[in-house]
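So the structure is just underneath, and the comments pick up after that.
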There are 2 protein chains.
Amino acid sequence: MHCQKCGEKAVINMRQHKLSLCKSHFLDWVPDQVERSIVRYRMLTHHDHLLLAVSGGKDSLSLWDILFRLGYSVDGLYIGLGIDGGVKYSENSLKYALNFARDRNLFLHVIDVQAEYGETVPMMTMRTLRGRNKPCSVCGLAKRHVMNQLARSQGYDALLTGHNLDDEAAILFGNTLNWVGSYLIHQGPVLEADRPGLVRKVKPLCRMYEREMAAYALLGGIQYIQEECPHAVGSTSIYYKEILNKLEADRPGAKLSFYLSFLQAKRDGLFSPTADERAESVHSCPKCGQSTSAPGLCAFCRMFFKDKDQLVLDQVDGL
Amino acid sequence: MHCQKCGEKAVINMRQHKLSLCKSHFLDWVPDQVERSIVRYRMLTHHDHLLLAVSGGKDSLSLWDILFRLGYSVDGLYIGLGIDGGVKYSENSLKYALNFARDRNLFLHVIDVQAEYGETVPMMTMRTLRGRNKPCSVCGLAKRHVMNQLARSQGYDALLTGHNLDDEAAILFGNTLNWVGSYLIHQGPVLEADRPGLVRKVKPLCRMYEREMAAYALLGGIQYIQEECPHAVGSTSIYYKEILNKLEADRPGAKLSFYLSFLQAKRDGLFSPTADERAESVHSCPKCGQSTSAPGLCAFCRMFFKDKDQLVLDQVDGL
């Protein structure tokens with residue numbers, strides 16, 4: 001197997017693209033592909049002041065590396081969720097994020113959920129009804145809230161996440177199996193800041209396979225936390241990824257085609273604009289100012305404040 | 001395992017419905033479920049004069065049996081496609097259809113494609129560019145044309161097919177993986193006759209699992225052709241059924257939920273009415289009068305007449 005650009009020994013064969021590349025050409029090919037997505041979906045400009053959510057994993061750190069190489073101005077945000085899971089998950093992932101930023105002289109915000117809100121995500125999960133068995137739902141809610149809050153208060157032009165194609169395809173697969181209209185309408189590489197209190201969200205890796213990103217981090221010498229979050233084991237998204245991996249193994253390119261044909265159908269006007277409007281009839285949370293689908297506190301503030309007050313009331317009642 | 005209606009020994013356990021039934025209650029439950037679909041989707045009335053496409057397989061014969069038991073007036077239509085495949089597929093399936101109709105004193109139209117159009121479906125496949133490797137595409141086109149033509153010329157109120165939930169879910173899965181907007185918009189239990197030359201199409205078994213229909217035929221003593229069409233081996237629809245069977249095995253009810261949530265999303269207005277209009281801008285075929293998406297001959301008449309003329313011209317050119 002030889003590199004199709006220079007004829008040297010290839011290190012990776014991407015059946016989905018009918019392309020094999022050597023290390024050097026692969027490490028150039030990935031940023032080039034990301035830049036194409038950025039242009040294709042009008043994601044960013046070089047004047048934007050950008051905030052990237054950094055987990056310490058291969059996708060977010062590789063994306064930071066790629067955007068740095070492409071000359072974008074990107075700060076990082078690490079959110080300490082207080083997840084131990086027997087492997088000191090949060091503690092270790094923070095180290096990788098800090099080392100990465102220090103080595104490249106990049107700025108990393110660190111927000112610790114417990115320091116900020118008095119509880120870690122696992123503690124919060126124990127207390128609320130949300131996601132009774134797993135903290136993933138609570139965790140997603142907390143991360144979205146904290147990311148958006150910081151991006152807004154510090155005036156960033158966009159909030160970036162490291163979602164790769166496998167992530168996006170798995171989300172789409174779930175939304176399609178259940179035909180959740182409002183989620184389908186809002187899924188895409190760019191979520192515009194068209195609601196009060198919401199920052200523009202962008203996913204520059206949406207066309208990159210997970211396998212390509214793992215290879216990029218490995219070959220590019222990026223040190224990242226290799227463990228999955230201990231709570232992700234057995235999750236629905238991993239199950240959907242397995243199904244999509246089977247499809248991909250049988251028909252290389254299936255994942256990419258699934259995601260891209262969805263985006264094309266959206267652009268072609270498959271979804272109703274009125275369904276979109278309905279999904280977008282939103283309110284402002286009186287506590288944090290972020291947008292919410294129903295009047296009153298947003299889901300995050302309900303979870304962090306109201307449930308807590310209710311707990312106190314319940315305890316008083318119990319006396 | 002006991003019947004949940006009478007406590008007798010159950011013959012079937014339907015995990016997707018959390019229901020086990022004895023033979024007698026199962027044989028009543030199936031028509032009851034079909035009647036519910038008929039009412040739910042406003043499929044038919046007892047005044048309608050109905051035409052059912054009968055292949056000689058378990059679904060179409062069971063559906064004929066069920067509709068007969070429910071008191072609907074249904075004639076059958078068997079289309080002789082001239083498929084042998086080493087198992088005399090067409091010859092044998094015709095026998096099952098004829099025997100079924102004779103035993104119940106029902107009327108069966110028989111149309112032989114070769115007698116009518118001069119060629120069997122496999123012969124046609126050899127000649128055209130359509131479905132070069134497999135006759136399935138040509139076969140589907142021919143069946144749709146013949147069914148619609150007869151239903152129209154004989155004034156039937158609706159054309160019924162025996163598509164079960166597994167068929168419908170597999171079609172939906174394919175349409176979703178490729179996000180084919182016009183197919184998604186038109187998929188459903190009822191396709192109204194809202195285009196010139198088109199007869200209303202109805203799928204009364206759309207909520208019945210394939211396994212339930214196989215059990216119904218078996219327990220109800222319906223004799224049917226057990227072989228799959230020899231050309232179906234390795235087809236995309238069977239591949240999609242395997243994927244959906246895996247989902248169903250892991251999460252009983254997944255297939256039904258996938259299909260029903262799609263129908264609900266459609267009813268809720270997820271799809272754009274303009275996308276619908278675009279998909280419905282149709283023309284009339286000058287040869288057969290059926291609707292077609294582009295001006296000129298419809299795909300069927302092109303295949304049966306124009307390609308043939310072209311072949312003659314090519315042969316003349318080659319002299």
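Ordered as shown in the structure tokens, chains take letters A, B, and onward, while each chain numbers its residues from 1 and ligands are numbered from 1 in the order shown.
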Using only C-alpha atoms, select each residue of chain B with any atom at most 6 Å away from an atom of chain A, and give the selection as a ChimeraX atom specification.
-> /B:177-179,258,261-262,270-272,275
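Among the residues of segment 67-278 of chain B, backbone DSSP assigns strand (DSSP E or B) to Ser73, Val74, Asp75, Gly76, Leu77, Tyr78, Ile79, Gly80, Leu108, His109, Val110, Ile111, Asp112, Ala158, Leu159, Leu160, Val190, Leu191, Lys201, Val202 and Phe271 of chain B.
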Residual C-alpha RMSD for chain B onto chain A, least squares, all atoms in order?
->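 Once chain B is overlaid on chain A, the RMSD is 0.1 Å.
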Near Pro122 of chain B, counting only C-alpha atoms, which residues have an atom at most 8 Å away, once you skip same-chain residues fewer than 6 positions from it, shown as a PyMOL selection string?
-> chain B and resi 82-83+135
Could you write those residues out with N, CA, C and O atoms, as a PDB file, in the first residue's frame?
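Okay, again.pdb is ready:
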```pdb
ATOM      1  N   GLY B  82     -42.680 -14.682 -15.086  1.00  0.00           N
ATOM      2  CA  GLY B  82     -41.806 -15.566 -15.865  1.00  0.00           C
ATOM      3  C   GLY B  82     -40.463 -15.810 -15.202  1.00  0.00           C
ATOM      4  O   GLY B  82     -39.442 -15.918 -15.857  1.00  0.00           O
ATOM      5  N   ILE B  83     -40.488 -15.906 -13.837  1.00  0.00           N
ATOM      6  CA  ILE B  83     -39.236 -16.148 -13.099  1.00  0.00           C
ATOM      7  C   ILE B  83     -39.145 -17.631 -12.772  1.00  0.00           C
ATOM      8  O   ILE B  83     -40.054 -18.210 -12.166  1.00  0.00           O
ATOM      9  N   PRO B 135     -32.877  -8.348 -11.722  1.00  0.00           N
ATOM     10  CA  PRO B 135     -34.136  -7.947 -12.350  1.00  0.00           C
ATOM     11  C   PRO B 135     -35.087  -7.209 -11.399  1.00  0.00           C
ATOM     12  O   PRO B 135     -36.169  -6.809 -11.819  1.00  0.00           O
TER      13      PRO B 135
END
```
Once DSSP has gone over the backbone, tell me which residues of segment 161-294 of chain A are in helix (DSSP H, G or I), as a PyMOL selection string.
-> chain A and resi 165-177+181-186+210-219+230-232+236-250+254-267+273-279
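For Leu61 of chain B, the set of protein, DNA and RNA residues having any atom at most 9 Å away, when counting only C-alpha atoms and skipping those fewer than 4 positions along the same chain, is Val54, Ser55, Gly56, Gly57, Asp65, Ile66, Tyr96, Ala97, Phe100, Gly162, Ala217, Ile222, Gln223 and Tyr224 of chain B.
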Neighbours of Arg144 of chain A within 10 Å (only C-alpha atoms; same-chain residues fewer than 4 positions away dropped), as a PyMOL selection string?
-> chain A and resi 53+139-140+148-149+300
Selection from above, all heavy atoms, as a PDB file, in the first residue's frame, can you write it?
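Wrote it out as again-v3.pdb, contents follow:
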```pdb
ATOM      1  N   ALA A  53     -14.544  23.845  23.145  1.00  0.00           N
ATOM      2  CA  ALA A  53     -14.762  22.973  24.301  1.00  0.00           C
ATOM      3  C   ALA A  53     -13.748  21.827  24.226  1.00  0.00           C
ATOM      4  O   ALA A  53     -13.750  21.065  23.270  1.00  0.00           O
ATOM      5  CB  ALA A  53     -16.185  22.439  24.289  1.00  0.00           C
ATOM      6  N   CYS A 139     -24.961  15.526  32.641  1.00  0.00           N
ATOM      7  CA  CYS A 139     -23.649  15.996  32.194  1.00  0.00           C
ATOM      8  C   CYS A 139     -23.775  16.849  30.931  1.00  0.00           C
ATOM      9  O   CYS A 139     -23.177  17.925  30.840  1.00  0.00           O
ATOM     10  CB  CYS A 139     -22.756  14.785  31.934  1.00  0.00           C
ATOM     11  SG  CYS A 139     -21.049  15.202  31.587  1.00  0.00           S
ATOM     12  N   GLY A 140     -24.560  16.367  29.963  1.00  0.00           N
ATOM     13  CA  GLY A 140     -24.760  17.101  28.715  1.00  0.00           C
ATOM     14  C   GLY A 140     -25.395  18.461  28.975  1.00  0.00           C
ATOM     15  O   GLY A 140     -24.964  19.485  28.443  1.00  0.00           O
ATOM     16  N   ASN A 148     -22.019  27.667  26.970  1.00  0.00           N
ATOM     17  CA  ASN A 148     -22.755  28.787  26.392  1.00  0.00           C
ATOM     18  C   ASN A 148     -22.601  30.046  27.250  1.00  0.00           C
ATOM     19  O   ASN A 148     -22.404  31.144  26.730  1.00  0.00           O
ATOM     20  CB  ASN A 148     -24.229  28.406  26.255  1.00  0.00           C
ATOM     21  CG  ASN A 148     -24.975  29.350  25.347  1.00  0.00           C
ATOM     22  OD1 ASN A 148     -24.739  29.370  24.142  1.00  0.00           O
ATOM     23  ND2 ASN A 148     -25.838  30.167  25.931  1.00  0.00           N
ATOM     24  N   GLN A 149     -22.665  29.837  28.563  1.00  0.00           N
ATOM     25  CA  GLN A 149     -22.562  30.955  29.511  1.00  0.00           C
ATOM     26  C   GLN A 149     -21.221  31.671  29.344  1.00  0.00           C
ATOM     27  O   GLN A 149     -21.170  32.895  29.231  1.00  0.00           O
ATOM     28  CB  GLN A 149     -22.684  30.387  30.943  1.00  0.00           C
ATOM     29  CG  GLN A 149     -22.952  31.428  32.007  1.00  0.00           C
ATOM     30  CD  GLN A 149     -24.449  31.779  32.076  1.00  0.00           C
ATOM     31  OE1 GLN A 149     -25.168  31.730  31.069  1.00  0.00           O
ATOM     32  NE2 GLN A 149     -24.916  32.109  33.253  1.00  0.00           N
ATOM     33  N   PHE A 300     -31.477  23.540  33.040  1.00  0.00           N
ATOM     34  CA  PHE A 300     -30.282  23.556  33.892  1.00  0.00           C
ATOM     35  C   PHE A 300     -30.571  24.209  35.237  1.00  0.00           C
ATOM     36  O   PHE A 300     -30.260  23.654  36.284  1.00  0.00           O
ATOM     37  CB  PHE A 300     -29.139  24.291  33.183  1.00  0.00           C
ATOM     38  CG  PHE A 300     -27.906  24.399  34.026  1.00  0.00           C
ATOM     39  CD1 PHE A 300     -27.005  23.340  34.089  1.00  0.00           C
ATOM     40  CD2 PHE A 300     -27.653  25.532  34.791  1.00  0.00           C
ATOM     41  CE1 PHE A 300     -25.862  23.426  34.881  1.00  0.00           C
ATOM     42  CE2 PHE A 300     -26.521  25.618  35.589  1.00  0.00           C
ATOM     43  CZ  PHE A 300     -25.624  24.567  35.631  1.00  0.00           C
TER      44      PHE A 300
END
```
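For the pair atom CA of Val202 of chain A and atom CA of Pro189 of chain A, the separation is 5.8 Å.
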Neighbour list for Gly220 of chain A as a PyMOL selection string, cut-off 12 Å, only C-alpha atoms, skip fewer than 5 positions in-chain = chain A and resi 23-28+30-31+58+61-63+65-66+69+212-215
Please provide the set of residues having any atom within 12 Å of His109 of chain A, restricted to only C-alpha atoms, with same-chain residues fewer than 4 positions apart removed, written as a PyMOL selection string.
-> chain A and resi 51-55+74-80+94+97-98+101+146-147+150-151+154
